[in-house]
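Colleague: The following block contains the structure, expressed as structure tokens.
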Amino acid sequence: MPHAHAAVLLALIVLGVLAGGATGWIWGEDMLAIAWLGELFLNALKMLIIPLIVAAVISGVASLGDIRKLGRLGGITVGYFVGTTAVAVAIGLLVVNVIQPGVGLEFAPPSVPEAIAAKTEIGLTDILLSLVSPNLIASAAETQLLPLILFSILLSAALTTLGPVGAHVIGLFDGLNEALMKLVIWLMYFAPVGIFALVAARLGKAGGGEAFLAEVAAVGLHVVTVLSGLALHFVFLAVLLVLISGRGLGYLLGLLRALLTAFGTASSSATLPLTMECAREQAVNEKAVRFVLPLGSTVNMNGTALYEAAAAMFIAQAYGIDLGVGAQTLVFVTATLAAIGAAGIPEAGLVTMVIVLTAVGLPIEGVGLLLAVDWFLDRFRTAVNVWGDAVGAAVVHRFLPNGP
Ligand code: ASP
């Protein structure tokens, strides 16, 4: 996308978010009338995800040339994901221990929806099992991206060993990837309207500004805790970006369209097409764009990890349960796993939080405390998730042979 278009579009998207917030605040439920516009935008993004991921990963992995290089690229990527996720959880634990938002809270939680309460049995083996799908079409239909990504990596590896026949098929996916990115650019022009409608309708669904404020007030310190933790982590990632990749404000501005889309959609998967296009415009190496970003959008969720840890501790405090160093270490580990296991869709983190709660013996009903404001915090943590992926692509770019 030309620079001038990108700048105007960014301004319009910012306007969309602000106007969406203002109209949803003032007119509340009336704004539900335009919810379909947001849904249209979201559906169009979702329409692109599956073909884009398959084409991007296959052509990205194949472009490494020698498939043995995948080990190095994969190693750096996973190292970055694990390292930043650990820092995110640590920041989450830090802020919640300092602010202590749950201590002395007097608030009767609403009951927990069946979808969350039924998840008590999720464990490590379920996360491992989710890597391999017995039915790729069914996984695609349910936007379970991890098995699709794994399959695409393996298929691409196999294709690179086949000589001319394999190259032919890879060429097909290269072309498909280019065409899909074109579609993403076209769709971006609709983003300001789509994001406006998404924000306005969601705030409208919450009943407008006053109802929303009342919900926030009930668990106000929890909101403050999570937002300050996310802000700290955002800055940490920015510092990492500057130190390792040598990029800075320009990169942040270039990625802002994707970050605001993450805020609007509350889904890092739905945002992926835009994240890839923005990173590409910032001259991030195609290999990093096509490998790190799809993988990151589903396994690297810094914001979610931070949230899982902070929210679990908040619940413990609210129930007057004292978690010592041992239990907090368990929260550390399980919050990391829960973030990896969470899908890049709205409020997925709330569901996988059950893993953390059961591991340290906290009541599942505690999730009820978070329900009212989760949709709101979800938008911020999704933006941090996407920022983590974007910084990751720039960091990995730095380590590629033809880097800066
Ligand atoms: N909505 C988040 C995402 O898509 C996941 C979550 O934390 O609920 O990245």
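Each chain of the structure tokens is named A, B, ... in the order shown, its residues numbered from 1; ligands are numbered from 1 in display order.
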Excluding same-chain residues fewer than 4 positions from Ala258 in chain A, what lies within 7 Å of it counting only C-alpha atoms, as an MDAnalysis selection string?

Modeller: chainID A and resid 262 271 274:275 278

Colleague: Could you name the residues that touch Gln144 in chain A at 12 Å or less, counting only C-alpha atoms, but leaving out those on the same chain fewer than 2 positions away, as number ranges by chain?

Modeller: A: 46, 49-50, 53, 127, 130-133, 135-142, 146-150, 269, 295, 297-299, 341-345

Colleague: Step by step, measure atom-to-atom distances between ligand 1 and each residue using only C-alpha atoms and all ligand atoms, keep those at most 8 Å, then write them as a compact mmCIF listing (two decimals) with C-alpha atoms, in the first residue's frame.

Modeller:
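Listing of result01.txt after writing:
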```
# COMPACT_ATOMS: atom_id res chain seq x y z
CA ALA A 262 -6.63 -5.98 17.08
CA ALA A 266 -10.33 -8.63 19.85
CA SER A 267 -8.88 -11.38 17.71
CA SER A 268 -5.22 -11.79 16.82
CA SER A 269 -6.10 -14.39 14.19
CA ALA A 270 -8.51 -12.06 12.43
CA SER A 297 -0.75 -15.16 16.05
CA THR A 298 -1.73 -18.48 17.53
CA MET A 301 0.17 -14.26 23.30
CA GLY A 303 -0.99 -9.96 26.65
CA THR A 304 -3.05 -13.06 27.35
CA ALA A 305 -0.26 -14.61 29.44
CA TYR A 307 -3.73 -11.35 31.95
CA ALA A 339 -1.69 -18.44 26.79
CA ALA A 342 -5.63 -19.94 23.87
CA ALA A 343 -6.92 -19.45 20.34
CA GLY A 344 -6.59 -16.02 18.72
CA ILE A 345 -10.29 -15.31 19.07
CA PRO A 346 -12.29 -13.00 21.36
CA GLU A 347 -12.19 -13.89 25.06
CA ALA A 348 -10.35 -17.17 24.48
CA GLY A 349 -8.09 -16.33 27.42
CA LEU A 350 -11.03 -16.40 29.80
CA VAL A 351 -11.71 -20.02 28.89
CA ASP A 378 -9.55 -8.48 25.89
CA ARG A 379 -9.09 -5.70 23.35
CA ARG A 381 -4.43 -7.72 25.60
CA THR A 382 -5.10 -8.67 21.97
CA ALA A 383 -3.31 -5.48 20.84
CA ASN A 385 -0.47 -9.98 21.60
CA VAL A 386 -0.19 -8.57 18.10
```

Colleague: For each of A:Ala206, A:Leu240, A:Ala327, A:Ala335, take the minimum atom-to-atom distance to Trp27 in chain A, counting only C-alpha atoms, then give the residue where this is smallest.

Modeller: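 Closest to Trp27 in chain A of all the choices is A:Ala206.
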
Colleague: Tell me which protein, DNA and RNA residues are within 12 Å of Tyr189 in chain A, counting only C-alpha atoms, leaving out same-chain ones fewer than 3 positions away, and put them as an NGL selection string.

Modeller: :A and (1 or 5-13 or 41 or 182-186 or 192-195 or 257 or 274)

Colleague: Would you pick out the contacts of Ser228 in chain A at 10 Å or less, using only C-alpha atoms, so that residues sharing its chain but fewer than 3 positions from it are not included, and give the list as a PyMOL selection string?

Modeller: chain A and resi 91-92+95-96+222-225+231-234

Colleague: Go ahead and dump the residues you just picked, all heavy atoms, as a CSV table (one decimal), in the first residue's frame.

Modeller:
```csv
chain,number,residue,atom,x,y,z
A,91,ILE,N,5.6,-9.8,34.7
A,91,ILE,CA,5.1,-8.4,34.9
A,91,ILE,C,3.6,-8.5,35.5
A,91,ILE,O,3.3,-7.8,36.4
A,91,ILE,CB,5.1,-7.7,33.6
A,91,ILE,CG1,6.5,-7.4,33.2
A,91,ILE,CG2,4.3,-6.3,33.7
A,91,ILE,CD1,6.7,-6.6,31.9
A,92,GLY,N,2.9,-9.5,35.0
A,92,GLY,CA,1.5,-9.7,35.5
A,92,GLY,C,1.5,-10.0,37.0
A,92,GLY,O,0.7,-9.4,37.7
A,95,VAL,N,2.6,-6.7,39.0
A,95,VAL,CA,1.6,-5.6,39.2
A,95,VAL,C,0.5,-6.1,40.2
A,95,VAL,O,0.0,-5.3,41.0
A,95,VAL,CB,1.0,-5.1,37.9
A,95,VAL,CG1,1.9,-4.2,37.2
A,95,VAL,CG2,0.5,-6.2,37.0
A,96,VAL,N,0.1,-7.4,40.0
A,96,VAL,CA,-1.0,-7.8,40.9
A,96,VAL,C,-0.6,-7.9,42.3
A,96,VAL,O,-1.4,-7.7,43.3
A,96,VAL,CB,-1.6,-9.1,40.3
A,96,VAL,CG1,-0.8,-10.3,40.7
A,96,VAL,CG2,-3.0,-9.3,40.8
A,222,HIS,N,-8.9,-4.1,39.4
A,222,HIS,CA,-8.5,-5.2,38.5
A,222,HIS,C,-8.2,-4.6,37.2
A,222,HIS,O,-7.2,-4.9,36.5
A,222,HIS,CB,-9.6,-6.2,38.5
A,222,HIS,CG,-9.5,-7.2,37.4
A,222,HIS,ND1,-8.4,-8.0,37.3
A,222,HIS,CD2,-10.3,-7.5,36.4
A,222,HIS,CE1,-8.5,-8.8,36.2
A,222,HIS,NE2,-9.7,-8.5,35.6
A,223,VAL,N,-9.1,-3.7,36.7
A,223,VAL,CA,-8.9,-3.1,35.4
A,223,VAL,C,-7.6,-2.3,35.4
A,223,VAL,O,-6.8,-2.4,34.5
A,223,VAL,CB,-10.1,-2.2,35.0
A,223,VAL,CG1,-9.8,-1.4,33.8
A,223,VAL,CG2,-11.3,-3.0,34.9
A,224,VAL,N,-7.4,-1.5,36.4
A,224,VAL,CA,-6.2,-0.7,36.5
A,224,VAL,C,-4.9,-1.6,36.5
A,224,VAL,O,-3.9,-1.3,35.8
A,224,VAL,CB,-6.2,0.2,37.8
A,224,VAL,CG1,-4.8,0.8,38.0
A,224,VAL,CG2,-7.3,1.2,37.8
A,225,THR,N,-5.0,-2.7,37.3
A,225,THR,CA,-3.8,-3.6,37.4
A,225,THR,C,-3.5,-4.2,36.0
A,225,THR,O,-2.3,-4.1,35.6
A,225,THR,CB,-4.2,-4.8,38.3
A,225,THR,OG1,-4.6,-4.3,39.5
A,225,THR,CG2,-3.0,-5.7,38.5
A,231,ALA,N,0.6,-2.1,29.7
A,231,ALA,CA,1.4,-0.9,29.3
A,231,ALA,C,2.8,-1.1,29.5
A,231,ALA,O,3.7,-0.8,28.7
A,231,ALA,CB,0.9,0.3,30.0
A,232,LEU,N,3.2,-1.7,30.7
A,232,LEU,CA,4.6,-2.0,31.0
A,232,LEU,C,5.2,-2.9,30.0
A,232,LEU,O,6.3,-2.7,29.5
A,232,LEU,CB,4.7,-2.6,32.4
A,232,LEU,CG,4.8,-1.7,33.6
A,232,LEU,CD1,4.8,-2.5,34.9
A,232,LEU,CD2,6.1,-0.8,33.5
A,233,HIS,N,4.4,-4.0,29.7
A,233,HIS,CA,4.9,-5.0,28.8
A,233,HIS,C,5.1,-4.4,27.4
A,233,HIS,O,6.0,-4.7,26.6
A,233,HIS,CB,4.0,-6.2,28.8
A,233,HIS,CG,4.7,-7.4,28.0
A,233,HIS,ND1,5.8,-8.0,28.5
A,233,HIS,CD2,4.4,-7.9,26.9
A,233,HIS,CE1,6.2,-8.9,27.7
A,233,HIS,NE2,5.3,-8.9,26.6
A,234,PHE,N,4.2,-3.5,27.0
A,234,PHE,CA,4.2,-2.9,25.7
A,234,PHE,C,5.5,-2.1,25.6
A,234,PHE,O,6.3,-2.2,24.6
A,234,PHE,CB,3.0,-1.9,25.5
A,234,PHE,CG,2.8,-1.5,24.1
A,234,PHE,CD1,1.9,-2.2,23.3
A,234,PHE,CD2,3.5,-0.4,23.6
A,234,PHE,CE1,1.6,-1.8,22.0
A,234,PHE,CE2,3.3,0.0,22.3
A,234,PHE,CZ,2.4,-0.7,21.5
```

Colleague: So that I can check the secondary structure, give me every residue of range 183-384 of chain A assigned alpha helix (DSSP H) by backbone DSSP, as an mmCIF file with C-alpha atoms, in the first residue's frame.

Modeller:
```
data_model
loop_
_atom_site.group_PDB
_atom_site.id
_atom_site.type_symbol
_atom_site.label_atom_id
_atom_site.label_comp_id
_atom_site.auth_asym_id
_atom_site.auth_seq_id
_atom_site.Cartn_x
_atom_site.Cartn_y
_atom_site.Cartn_z
ATOM 1 C CA LEU A 183 -7.056 -8.839 -1.124
ATOM 2 C CA VAL A 184 -5.852 -7.802 2.333
ATOM 3 C CA ILE A 185 -4.840 -4.391 0.998
ATOM 4 C CA TRP A 186 -8.240 -3.929 -0.612
ATOM 5 C CA LEU A 187 -9.964 -4.957 2.599
ATOM 6 C CA MET A 188 -7.865 -2.488 4.622
ATOM 7 C CA ALA A 191 -11.138 -1.073 8.101
ATOM 8 C CA PRO A 192 -12.110 2.398 9.427
ATOM 9 C CA VAL A 193 -15.826 1.687 8.969
ATOM 10 C CA GLY A 194 -15.515 -1.888 10.216
ATOM 11 C CA ILE A 195 -13.592 -0.932 13.336
ATOM 12 C CA PHE A 196 -15.930 1.978 14.049
ATOM 13 C CA ALA A 197 -18.919 -0.378 13.942
ATOM 14 C CA LEU A 198 -17.212 -3.066 16.051
ATOM 15 C CA VAL A 199 -16.301 -0.653 18.835
ATOM 16 C CA ALA A 200 -19.648 1.198 18.797
ATOM 17 C CA ALA A 201 -21.718 -1.984 18.788
ATOM 18 C CA ARG A 202 -19.719 -3.628 21.586
ATOM 19 C CA LEU A 203 -19.993 -0.623 23.847
ATOM 20 C CA GLY A 204 -23.658 -0.458 22.857
ATOM 21 C CA LYS A 205 -24.112 -4.083 23.868
ATOM 22 C CA GLY A 208 -23.634 2.502 26.798
ATOM 23 C CA GLY A 209 -21.247 4.635 28.808
ATOM 24 C CA GLU A 210 -22.947 4.718 32.195
ATOM 25 C CA ALA A 211 -23.652 1.009 32.403
ATOM 26 C CA PHE A 212 -20.094 0.341 31.304
ATOM 27 C CA LEU A 213 -18.649 2.638 33.961
ATOM 28 C CA ALA A 214 -20.686 0.886 36.637
ATOM 29 C CA GLU A 215 -19.274 -2.469 35.527
ATOM 30 C CA VAL A 216 -15.728 -1.138 35.567
ATOM 31 C CA ALA A 217 -16.237 0.461 38.983
ATOM 32 C CA ALA A 218 -17.211 -2.898 40.519
ATOM 33 C CA GLY A 220 -11.969 -1.064 39.099
ATOM 34 C CA LEU A 221 -8.598 -1.948 40.572
ATOM 35 C CA HIS A 222 -8.485 -5.151 38.547
ATOM 36 C CA VAL A 223 -8.869 -3.084 35.387
ATOM 37 C CA VAL A 224 -6.152 -0.699 36.534
ATOM 38 C CA THR A 225 -3.838 -3.608 37.380
ATOM 39 C CA VAL A 226 -4.236 -5.323 34.016
ATOM 40 C CA LEU A 227 -3.958 -2.135 31.980
ATOM 41 C CA SER A 228 -0.827 -0.975 33.784
ATOM 42 C CA GLY A 229 0.741 -4.414 33.378
ATOM 43 C CA LEU A 230 -0.056 -4.422 29.675
ATOM 44 C CA ALA A 231 1.352 -0.910 29.296
ATOM 45 C CA LEU A 232 4.583 -1.957 31.026
ATOM 46 C CA HIS A 233 4.936 -4.968 28.774
ATOM 47 C CA PHE A 234 4.223 -2.901 25.673
ATOM 48 C CA VAL A 235 7.116 -0.643 26.628
ATOM 49 C CA PHE A 236 9.348 -3.632 27.409
ATOM 50 C CA LEU A 237 8.700 -4.974 23.904
ATOM 51 C CA ALA A 238 9.424 -1.560 22.399
ATOM 52 C CA VAL A 239 12.778 -1.454 24.208
ATOM 53 C CA LEU A 240 13.561 -4.938 22.922
ATOM 54 C CA LEU A 249 8.836 4.725 16.445
ATOM 55 C CA GLY A 250 8.522 4.314 12.675
ATOM 56 C CA TYR A 251 7.879 0.617 13.138
ATOM 57 C CA LEU A 252 5.266 1.251 15.819
ATOM 58 C CA LEU A 253 3.488 3.784 13.611
ATOM 59 C CA GLY A 254 3.669 1.402 10.665
ATOM 60 C CA LEU A 255 2.069 -1.344 12.718
ATOM 61 C CA LEU A 256 -0.568 0.880 14.298
ATOM 62 C CA ARG A 257 -3.233 -0.066 11.747
ATOM 63 C CA ALA A 258 -2.840 -3.692 12.807
ATOM 64 C CA LEU A 259 -2.801 -2.839 16.520
ATOM 65 C CA LEU A 260 -6.009 -0.835 16.220
ATOM 66 C CA THR A 261 -7.606 -3.646 14.248
ATOM 67 C CA ALA A 262 -6.625 -5.982 17.076
ATOM 68 C CA PHE A 263 -8.325 -3.570 19.461
ATOM 69 C CA GLY A 264 -11.421 -3.447 17.258
ATOM 70 C CA THR A 265 -11.756 -7.170 16.598
ATOM 71 C CA SER A 268 -5.219 -11.791 16.821
ATOM 72 C CA SER A 269 -6.101 -14.392 14.193
ATOM 73 C CA ALA A 270 -8.505 -12.056 12.427
ATOM 74 C CA THR A 271 -5.857 -9.325 12.611
ATOM 75 C CA LEU A 272 -3.122 -11.527 11.127
ATOM 76 C CA PRO A 273 -3.659 -10.484 7.493
ATOM 77 C CA LEU A 274 -3.147 -6.832 8.458
ATOM 78 C CA THR A 275 -0.201 -7.574 10.725
ATOM 79 C CA MET A 276 1.505 -9.307 7.815
ATOM 80 C CA GLU A 277 0.819 -6.479 5.383
ATOM 81 C CA CYS A 278 2.033 -3.791 7.819
ATOM 82 C CA ALA A 279 5.227 -5.728 8.649
ATOM 83 C CA ARG A 280 5.828 -6.252 4.960
ATOM 84 C CA GLU A 281 5.480 -2.508 4.331
ATOM 85 C CA GLU A 286 9.409 -12.074 3.912
ATOM 86 C CA LYS A 287 10.658 -15.212 5.615
ATOM 87 C CA ALA A 288 10.019 -13.656 9.009
ATOM 88 C CA VAL A 289 6.653 -12.262 7.882
ATOM 89 C CA ARG A 290 5.443 -15.600 6.549
ATOM 90 C CA PHE A 291 6.771 -17.821 9.315
ATOM 91 C CA VAL A 292 6.881 -15.817 12.544
ATOM 92 C CA LEU A 293 3.594 -13.933 12.236
ATOM 93 C CA PRO A 294 1.219 -16.850 11.484
ATOM 94 C CA LEU A 295 2.829 -18.938 14.201
ATOM 95 C CA GLY A 296 2.907 -15.995 16.594
ATOM 96 C CA SER A 297 -0.753 -15.157 16.046
ATOM 97 C CA THR A 298 -1.730 -18.478 17.534
ATOM 98 C CA VAL A 299 0.956 -19.402 20.091
ATOM 99 C CA ASN A 302 2.050 -11.984 25.671
ATOM 100 C CA GLY A 303 -0.991 -9.956 26.651
ATOM 101 C CA THR A 304 -3.046 -13.059 27.354
ATOM 102 C CA ALA A 305 -0.259 -14.608 29.442
ATOM 103 C CA LEU A 306 0.030 -11.459 31.534
ATOM 104 C CA TYR A 307 -3.732 -11.351 31.948
ATOM 105 C CA GLU A 308 -4.044 -15.009 32.974
ATOM 106 C CA ALA A 309 -1.509 -14.559 35.762
ATOM 107 C CA ALA A 310 -2.875 -11.240 37.017
ATOM 108 C CA ALA A 311 -6.495 -12.386 36.885
ATOM 109 C CA ALA A 312 -5.843 -15.686 38.659
ATOM 110 C CA MET A 313 -4.061 -13.845 41.468
ATOM 111 C CA PHE A 314 -6.908 -11.326 41.584
ATOM 112 C CA ILE A 315 -9.373 -14.180 42.120
ATOM 113 C CA ALA A 316 -7.178 -15.649 44.861
ATOM 114 C CA GLN A 317 -7.066 -12.281 46.624
ATOM 115 C CA ALA A 318 -10.822 -11.792 46.275
ATOM 116 C CA VAL A 325 5.907 -18.483 46.184
ATOM 117 C CA GLY A 326 5.328 -22.153 45.295
ATOM 118 C CA ALA A 327 1.753 -21.601 44.140
ATOM 119 C CA GLN A 328 2.755 -18.450 42.270
ATOM 120 C CA THR A 329 5.419 -20.438 40.451
ATOM 121 C CA LEU A 330 2.679 -22.824 39.392
ATOM 122 C CA VAL A 331 0.633 -19.830 38.226
ATOM 123 C CA PHE A 332 3.683 -18.728 36.252
ATOM 124 C CA VAL A 333 3.985 -22.039 34.414
ATOM 125 C CA THR A 334 0.294 -22.643 33.831
ATOM 126 C CA ALA A 335 -0.392 -19.065 32.705
ATOM 127 C CA THR A 336 2.281 -19.536 30.050
ATOM 128 C CA LEU A 337 0.671 -22.787 28.895
ATOM 129 C CA ALA A 338 -2.811 -21.311 29.024
ATOM 130 C CA ALA A 339 -1.690 -18.441 26.787
ATOM 131 C CA ILE A 340 -0.142 -20.848 24.292
ATOM 132 C CA GLY A 341 -3.304 -22.920 24.327
ATOM 133 C CA ALA A 348 -10.349 -17.173 24.484
ATOM 134 C CA GLY A 349 -8.092 -16.333 27.416
ATOM 135 C CA LEU A 350 -11.032 -16.400 29.798
ATOM 136 C CA VAL A 351 -11.707 -20.019 28.893
ATOM 137 C CA THR A 352 -8.123 -21.284 29.151
ATOM 138 C CA MET A 353 -7.752 -19.513 32.491
ATOM 139 C CA VAL A 354 -9.477 -22.548 33.970
ATOM 140 C CA ILE A 355 -6.127 -24.353 33.525
ATOM 141 C CA VAL A 356 -4.455 -21.874 35.860
ATOM 142 C CA LEU A 357 -7.258 -21.868 38.406
ATOM 143 C CA THR A 358 -7.502 -25.650 38.702
ATOM 144 C CA ALA A 359 -3.715 -26.042 38.913
ATOM 145 C CA GLY A 368 -17.481 -14.758 37.323
ATOM 146 C CA LEU A 369 -15.636 -11.795 38.852
ATOM 147 C CA LEU A 370 -13.991 -11.068 35.520
ATOM 148 C CA LEU A 371 -16.920 -11.558 33.153
ATOM 149 C CA ALA A 372 -18.319 -8.050 33.052
ATOM 150 C CA VAL A 373 -15.102 -6.341 31.991
ATOM 151 C CA ASP A 374 -13.372 -9.156 30.137
ATOM 152 C CA TRP A 375 -14.504 -8.033 26.683
ATOM 153 C CA PHE A 376 -12.949 -4.631 27.359
ATOM 154 C CA LEU A 377 -9.616 -5.901 28.694
ATOM 155 C CA ASP A 378 -9.548 -8.482 25.888
ATOM 156 C CA ARG A 379 -9.093 -5.696 23.347
ATOM 157 C CA PHE A 380 -6.028 -4.340 25.070
ATOM 158 C CA ARG A 381 -4.430 -7.723 25.604
ATOM 159 C CA THR A 382 -5.102 -8.666 21.968
ATOM 160 C CA ALA A 383 -3.313 -5.481 20.840
ATOM 161 C CA VAL A 384 -0.353 -6.450 23.052
#
```

Colleague: Between CA of Ala167 in chain A and CA of Ile67 in chain A, what is the distance, to one decimal in Å?

Modeller: 13.4 Å

Colleague: Which is closer to Ala393 in chain A than all the others in A:Val89, A:Ile34, A:Val219, A:Leu241, using only C-alpha atoms?

Modeller: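 Using only C-alpha atoms, the shortest distance to Ala393 in chain A belongs to A:Leu241.
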
Colleague: Which is closest to Thr23 in chain A among A:Pro101, A:Pro164, A:Gly324, A:Gly207, if we use only C-alpha atoms?

Modeller: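 The closest residue to Thr23 in chain A is A:Gly207.
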
Colleague: Calculate how many Å separate CA of Gly366 in chain A from CA of Leu129 in chain A, rounding to one decimal.

Modeller: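 CA of Leu129 in chain A lies at a distance of 27.5 Å from CA of Gly366 in chain A.
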
Colleague: From the set A:Val54, A:Met47, A:Ala35, A:Val396, which residue has the shortest atom-to-atom contact distance to Phe81 in chain A, counting only C-alpha atoms?

Modeller: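 For Phe81 in chain A, the nearest of the given residues is A:Val396.
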
Colleague: Please list as a list of chain:residue names every residue within 9 Å of Ala62 in chain A, counting only C-alpha atoms and excluding residues in the same chain fewer than 3 positions away.

Modeller: A:Val57, A:Ile58, A:Ser59, A:Gly65, A:Asp66, A:Ile67, A:Ile153, A:Ser156, A:Ala157, A:Leu159, A:Thr160, A:Ala167, A:Ile170

Colleague: Store the residues picked out above in a file with N, CA, C and O atoms, as a PDB file, in the first residue's frame.

Modeller:
```
ATOM      1  N   VAL A  57       2.668 -19.826   5.019  1.00  0.00           N
ATOM      2  CA  VAL A  57       3.610 -20.718   5.705  1.00  0.00           C
ATOM      3  C   VAL A  57       4.316 -21.614   4.686  1.00  0.00           C
ATOM      4  O   VAL A  57       5.548 -21.780   4.742  1.00  0.00           O
ATOM      5  N   ILE A  58       3.573 -22.157   3.728  1.00  0.00           N
ATOM      6  CA  ILE A  58       4.222 -23.027   2.748  1.00  0.00           C
ATOM      7  C   ILE A  58       5.268 -22.250   1.952  1.00  0.00           C
ATOM      8  O   ILE A  58       6.416 -22.679   1.809  1.00  0.00           O
ATOM      9  N   SER A  59       4.903 -21.072   1.442  1.00  0.00           N
ATOM     10  CA  SER A  59       5.889 -20.337   0.644  1.00  0.00           C
ATOM     11  C   SER A  59       7.002 -19.777   1.525  1.00  0.00           C
ATOM     12  O   SER A  59       8.155 -19.706   1.114  1.00  0.00           O
ATOM     13  N   GLY A  65      15.062 -22.022   1.419  1.00  0.00           N
ATOM     14  CA  GLY A  65      16.038 -22.665   0.535  1.00  0.00           C
ATOM     15  C   GLY A  65      16.356 -24.052   1.043  1.00  0.00           C
ATOM     16  O   GLY A  65      15.785 -25.037   0.604  1.00  0.00           O
ATOM     17  N   ASP A  66      17.232 -24.098   2.007  1.00  0.00           N
ATOM     18  CA  ASP A  66      17.611 -25.387   2.576  1.00  0.00           C
ATOM     19  C   ASP A  66      16.758 -25.617   3.818  1.00  0.00           C
ATOM     20  O   ASP A  66      16.778 -24.799   4.742  1.00  0.00           O
ATOM     21  N   ILE A  67      16.044 -26.716   3.842  1.00  0.00           N
ATOM     22  CA  ILE A  67      15.079 -26.928   4.918  1.00  0.00           C
ATOM     23  C   ILE A  67      15.764 -27.058   6.281  1.00  0.00           C
ATOM     24  O   ILE A  67      15.143 -26.841   7.319  1.00  0.00           O
ATOM     25  N   ILE A 153       3.937 -26.546   7.463  1.00  0.00           N
ATOM     26  CA  ILE A 153       5.400 -26.606   7.602  1.00  0.00           C
ATOM     27  C   ILE A 153       5.902 -27.945   7.067  1.00  0.00           C
ATOM     28  O   ILE A 153       6.846 -28.011   6.269  1.00  0.00           O
ATOM     29  N   SER A 156       5.497 -28.223   3.282  1.00  0.00           N
ATOM     30  CA  SER A 156       6.493 -27.400   2.605  1.00  0.00           C
ATOM     31  C   SER A 156       7.861 -28.080   2.649  1.00  0.00           C
ATOM     32  O   SER A 156       8.597 -28.107   1.645  1.00  0.00           O
ATOM     33  N   ALA A 157       8.194 -28.638   3.814  1.00  0.00           N
ATOM     34  CA  ALA A 157       9.474 -29.345   3.936  1.00  0.00           C
ATOM     35  C   ALA A 157       9.527 -30.476   2.925  1.00  0.00           C
ATOM     36  O   ALA A 157      10.537 -30.675   2.230  1.00  0.00           O
ATOM     37  N   LEU A 159       7.855 -30.723   0.113  1.00  0.00           N
ATOM     38  CA  LEU A 159       7.903 -30.192  -1.266  1.00  0.00           C
ATOM     39  C   LEU A 159       9.317 -29.787  -1.673  1.00  0.00           C
ATOM     40  O   LEU A 159       9.723 -29.969  -2.821  1.00  0.00           O
ATOM     41  N   THR A 160      10.071 -29.231  -0.700  1.00  0.00           N
ATOM     42  CA  THR A 160      11.420 -28.768  -1.050  1.00  0.00           C
ATOM     43  C   THR A 160      12.361 -29.933  -1.379  1.00  0.00           C
ATOM     44  O   THR A 160      13.433 -29.725  -1.924  1.00  0.00           O
ATOM     45  N   ALA A 167       8.935 -27.665  -6.756  1.00  0.00           N
ATOM     46  CA  ALA A 167       9.073 -26.231  -7.034  1.00  0.00           C
ATOM     47  C   ALA A 167       7.826 -25.693  -7.732  1.00  0.00           C
ATOM     48  O   ALA A 167       7.393 -24.556  -7.498  1.00  0.00           O
ATOM     49  N   ILE A 170       5.223 -25.232  -5.098  1.00  0.00           N
ATOM     50  CA  ILE A 170       5.585 -24.086  -4.240  1.00  0.00           C
ATOM     51  C   ILE A 170       5.284 -22.776  -4.976  1.00  0.00           C
ATOM     52  O   ILE A 170       4.760 -21.822  -4.393  1.00  0.00           O
TER      53      ILE A 170
END
```
